[in-house]
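Data first, discussion second: the structure below is written as structure tokens.
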Amino acid sequence: MSVLDGILDGVREDLEQRQNDVSLAELKARVAAAAPPLDPLPAFRAPGVSIIAEVKRKSPSKGRLAEIPDPARLAGEYATGGAAAISVLTEQRRFGGSLADLEAVRKSVDVPVLRKDFMVTQYQLWEARAHGADLALLMVVSLGGDLLADLLGLSRELGLTALVEVHTAGELERAIEVGADVIGINARDLTTLTVDRSVFAELAPHIPEGAVRVAESGVAGPEDVAEYRRWGADVVLVGEALVRAGDPRSSVGDFIAAANAQV
């Protein structure tokens with residue numbers, strides 16, 4: 001069993017419990033009453049590079065990263081520092097996140113918020129929107145058959161911007177086939193947790209003109225963000241380097257400045 005398989009098993013178990021606790025009808029009612037989602041695309045397509053700053057307590061590869069007792073406060077620091085969007089891990093077992101974190105962050109910032117989780121059912125997209133998400137992560141590696149297209153279609157119906165994540169040329173081909181317009185290239189192989197940032201350099205040139213190119217994983221400092229920018233990134237998602245930073249607000253600004261100095 002790969003690392004990803006183990007994570008997905010836990011995700012499905014926790015999902016079953018939430019579905020028992022909260023009906024789909026209840027989620028749909030909450031979505032109907034919710035404010036419209038925010039559109040991240042103007043910021044993502046603006047000149048220079050944008051940063052998605054992540055609220056991330058731990059990871060399977062690095063263990064505990066930061067306590068983050070107040071995710072809303074951290075998100076506020078990110079937004080003040082210039083982050084174009086905030087990513088919130090909501091997977092509990094391996095990443096220490098929750099939907100409560102997502103909701104708290106949504107209430108604290110006026111920039112778009114991404115629900116970052118292992119999405120495998122439509123129910124999770126309704127959850128995302130009900131708890132305030134403006135974007136949702138769709139990982140091609142875990143969405144076989146018609147499921148990728150189905151979830152992308154529902155995302156659009158709900159007003160969610162889908163960040164469609166790939167790691168290989170085959171996954172990128174599938175993302176393009178379903179019409180993804182925000183494509184993330186994850187430098188981390190989720191089956192082994194190894195990181196190779198050159199994966200972005202290899203795949204990014206094959207993303208169609210007009211689609212937003214998002215670089216994910218492998219950022220230790222401003223120089224890595226600048227390199228992703230040189231390789232064609234429009235957006236860089238940063239987690240570990242920011243949650244471990246002593247001053248997250250200034251760190252976001254440093255990352256943006258370093259990248260945009262390359263333009």
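Within each chain, counting starts at residue 1; across the structure tokens, chains are named A, B, ... in the order shown, with ligands numbered 1 upward in that order.
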
Worksheet item: Contacts of Leu163 of chain A at 10 Å or less, counting only C-alpha atoms, minus same-chain residues fewer than 5 places along, as number ranges by chain?
Response: A: 114-116, 135-139, 152, 180-185, 212-214

Residues from the last selection, all heavy atoms, saved as a compact mmCIF listing (two decimals), in the first residue's frame:
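The resulting result_15.txt:
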```txt
# COMPACT_ATOMS: atom_id res chain seq x y z
N LEU A 114 -8.90 28.33 0.03
CA LEU A 114 -8.86 27.01 -0.59
C LEU A 114 -9.06 25.92 0.45
O LEU A 114 -8.37 25.91 1.48
CB LEU A 114 -7.50 26.81 -1.27
CG LEU A 114 -7.07 25.39 -1.66
CD1 LEU A 114 -7.93 24.85 -2.80
CD2 LEU A 114 -5.59 25.36 -2.06
N ARG A 115 -10.00 25.02 0.19
CA ARG A 115 -10.06 23.80 1.00
C ARG A 115 -9.09 22.79 0.40
O ARG A 115 -9.31 22.29 -0.69
CB ARG A 115 -11.47 23.18 1.04
CG ARG A 115 -11.46 21.92 1.92
CD ARG A 115 -12.74 21.12 1.89
NE ARG A 115 -12.62 19.99 2.82
CZ ARG A 115 -13.55 19.06 2.99
NH1 ARG A 115 -14.68 19.10 2.30
NH2 ARG A 115 -13.35 18.07 3.85
N LYS A 116 -8.03 22.49 1.13
CA LYS A 116 -7.05 21.53 0.66
C LYS A 116 -7.26 20.21 1.41
O LYS A 116 -7.05 20.13 2.61
CB LYS A 116 -5.63 22.05 0.87
CG LYS A 116 -4.59 21.24 0.10
CD LYS A 116 -3.21 21.84 0.25
CE LYS A 116 -2.21 21.06 -0.59
NZ LYS A 116 -0.82 21.44 -0.25
N LEU A 135 -12.21 27.91 -3.22
CA LEU A 135 -11.49 26.98 -4.09
C LEU A 135 -11.48 25.61 -3.44
O LEU A 135 -11.58 25.48 -2.22
CB LEU A 135 -10.03 27.41 -4.31
CG LEU A 135 -9.71 28.79 -4.85
CD1 LEU A 135 -9.38 29.74 -3.70
CD2 LEU A 135 -8.50 28.70 -5.78
N ALA A 136 -11.31 24.58 -4.28
CA ALA A 136 -11.17 23.21 -3.78
C ALA A 136 -10.09 22.49 -4.57
O ALA A 136 -9.96 22.70 -5.79
CB ALA A 136 -12.49 22.46 -3.89
N LEU A 137 -9.34 21.66 -3.90
CA LEU A 137 -8.28 20.89 -4.54
C LEU A 137 -8.85 19.60 -5.11
O LEU A 137 -9.55 18.85 -4.42
CB LEU A 137 -7.19 20.55 -3.51
CG LEU A 137 -6.00 19.75 -4.04
CD1 LEU A 137 -5.14 20.62 -4.95
CD2 LEU A 137 -5.15 19.23 -2.88
N LEU A 138 -8.54 19.33 -6.38
CA LEU A 138 -8.88 18.06 -7.01
C LEU A 138 -7.58 17.42 -7.47
O LEU A 138 -6.89 17.95 -8.35
CB LEU A 138 -9.81 18.27 -8.21
CG LEU A 138 -11.17 18.92 -7.93
CD1 LEU A 138 -11.97 19.04 -9.22
CD2 LEU A 138 -11.96 18.13 -6.88
N MET A 139 -7.23 16.29 -6.88
CA MET A 139 -5.97 15.61 -7.19
C MET A 139 -6.22 14.52 -8.22
O MET A 139 -6.93 13.55 -7.94
CB MET A 139 -5.38 15.02 -5.91
CG MET A 139 -5.03 16.07 -4.87
SD MET A 139 -4.74 15.37 -3.23
CE MET A 139 -3.62 14.06 -3.64
N LEU A 152 -15.07 18.22 -11.16
CA LEU A 152 -14.78 19.52 -11.75
C LEU A 152 -16.07 20.21 -12.17
O LEU A 152 -16.26 21.41 -11.95
CB LEU A 152 -13.84 19.36 -12.95
CG LEU A 152 -13.44 20.66 -13.67
CD1 LEU A 152 -12.74 21.62 -12.73
CD2 LEU A 152 -12.55 20.34 -14.87
N ALA A 180 -9.44 21.75 -17.22
CA ALA A 180 -9.01 22.48 -16.03
C ALA A 180 -8.36 23.80 -16.42
O ALA A 180 -7.56 23.85 -17.36
CB ALA A 180 -8.02 21.63 -15.24
N ASP A 181 -8.72 24.88 -15.73
CA ASP A 181 -8.12 26.17 -16.05
C ASP A 181 -7.21 26.69 -14.95
O ASP A 181 -6.59 27.75 -15.10
CB ASP A 181 -9.18 27.21 -16.41
CG ASP A 181 -10.30 27.30 -15.38
OD1 ASP A 181 -10.16 26.73 -14.29
OD2 ASP A 181 -11.31 27.96 -15.69
N VAL A 182 -7.11 25.95 -13.84
CA VAL A 182 -6.10 26.23 -12.81
C VAL A 182 -5.43 24.89 -12.52
O VAL A 182 -6.05 23.98 -11.95
CB VAL A 182 -6.72 26.80 -11.53
CG1 VAL A 182 -5.63 27.09 -10.49
CG2 VAL A 182 -7.51 28.08 -11.82
N ILE A 183 -4.19 24.76 -12.94
CA ILE A 183 -3.50 23.48 -12.84
C ILE A 183 -2.29 23.61 -11.92
O ILE A 183 -1.40 24.43 -12.14
CB ILE A 183 -3.05 22.98 -14.23
CG1 ILE A 183 -4.27 22.76 -15.13
CG2 ILE A 183 -2.24 21.69 -14.10
CD1 ILE A 183 -3.94 22.32 -16.54
N GLY A 184 -2.30 22.80 -10.86
CA GLY A 184 -1.18 22.78 -9.93
C GLY A 184 -0.26 21.61 -10.23
O GLY A 184 -0.72 20.49 -10.44
N ILE A 185 1.03 21.88 -10.27
CA ILE A 185 2.02 20.82 -10.44
C ILE A 185 2.69 20.61 -9.09
O ILE A 185 3.39 21.50 -8.59
CB ILE A 185 3.05 21.19 -11.52
CG1 ILE A 185 2.37 21.38 -12.87
CG2 ILE A 185 4.13 20.10 -11.62
CD1 ILE A 185 3.30 21.89 -13.96
N VAL A 212 -3.96 28.86 -15.55
CA VAL A 212 -3.10 29.32 -14.47
C VAL A 212 -2.18 28.18 -14.04
O VAL A 212 -2.64 27.06 -13.79
CB VAL A 212 -3.94 29.82 -13.28
CG1 VAL A 212 -3.05 30.16 -12.09
CG2 VAL A 212 -4.78 31.02 -13.69
N ARG A 213 -0.89 28.48 -13.92
CA ARG A 213 0.11 27.48 -13.53
C ARG A 213 0.48 27.69 -12.07
O ARG A 213 1.00 28.74 -11.69
CB ARG A 213 1.37 27.61 -14.39
CG ARG A 213 1.11 27.44 -15.88
CD ARG A 213 2.36 27.77 -16.68
NE ARG A 213 2.14 27.57 -18.11
CZ ARG A 213 3.06 27.79 -19.05
NH1 ARG A 213 4.27 28.22 -18.69
NH2 ARG A 213 2.78 27.58 -20.31
N VAL A 214 0.22 26.67 -11.26
CA VAL A 214 0.48 26.75 -9.83
C VAL A 214 1.58 25.77 -9.46
O VAL A 214 1.49 24.58 -9.78
CB VAL A 214 -0.79 26.43 -9.00
CG1 VAL A 214 -0.51 26.59 -7.51
CG2 VAL A 214 -1.95 27.31 -9.44
```

Discussion item. So that I can check the secondary structure, give me every residue of segment 9-241 of chain A assigned alpha helix (DSSP H) by backbone DSSP, as JSON, numbers by chain.
Written reply: {"A": [9, 10, 11, 12, 13, 14, 15, 16, 17, 18, 19, 20, 21, 24, 25, 26, 27, 28, 29, 30, 31, 32, 33, 41, 42, 43, 44, 71, 72, 73, 74, 75, 76, 77, 78, 79, 80, 81, 99, 100, 101, 102, 103, 104, 105, 106, 107, 108, 122, 123, 124, 125, 126, 127, 128, 129, 130, 147, 148, 149, 150, 151, 152, 153, 154, 155, 156, 157, 158, 169, 170, 171, 172, 173, 174, 175, 176, 177, 198, 199, 200, 201, 202, 203, 222, 223, 224, 225, 226, 227, 228, 229, 230, 240, 241]}

Fill in: Contacts of segment 89-96 of chain A within 12 Å, only C-alpha atoms, excl. fewer than 2 positions in-chain, as a ChimeraX atom specification
/A:3-4,6-15,53-69,71,86-87,98-105,113-119,124,127-128,131,133,136-137,239-240

Discussion item. Report, in Å with one decimal, the straight-line distance from atom CA of Trp231 of chain A to atom CA of Ala201 of chain A.
Written reply: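 These atoms are spaced 5.5 Å apart.
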
Worksheet item: Taking only C-alpha atoms into account, which of A:Tyr123, A:Ile52, A:Val199, A:Leu154 comes nearest Ala25 of chain A?
Response: A:Tyr123

Worksheet item: Which of these, A:Tyr228, A:Pro37, A:Gly253, A:Ala241, has the shortest distance to Ser155 of chain A once you count only C-alpha atoms?
Response: A:Pro37

Item to complete: Compare A:Val22, A:Ala32, A:Leu160, A:Val120 by their minimum atom-to-atom distance to Leu147 of chain A, counting only C-alpha atoms, and give me the closest one.
Response: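 The closest residue to Leu147 of chain A is A:Val120.
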
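Coordinates place atom CA of Val195 of chain A at a distance of 28.1 Å from atom CA of Ala46 of chain A.
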
Item to complete: Using only C-alpha atoms, find the one residue out of A:Arg174, A:Arg156, A:Arg229, A:Arg73 that sits nearest to Ala258 of chain A.
Response: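 Residue with the minimum atom-to-atom distance to Ala258 of chain A: A:Arg229.
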
Worksheet item: Between A:Ser50, A:Gln19, A:Ser2, A:Thr80, which one has atoms that come closest to Arg249 of chain A, using only C-alpha atoms?
Response: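 Checking each candidate against Arg249 of chain A, we get A:Thr80 as the closest.
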
Worksheet item: For Arg106 of chain A, which residue out of A:Glu171, A:Asp134, A:Asp254, A:Glu209 is the nearest one, using only C-alpha atoms?
Response: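 Comparing A:Glu171, A:Asp134, A:Asp254, A:Glu209 against Arg106 of chain A, the winner is A:Asp134.
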
Discussion item. As a PyMOL selection string, please: every residue in segment 17-219 of chain A that DSSP puts in strand (DSSP E or B).
Written reply: chain A and resi 50-55+58-59+63-64+85-89+113-116+135-139+161-166+182-186+188+195+212-216
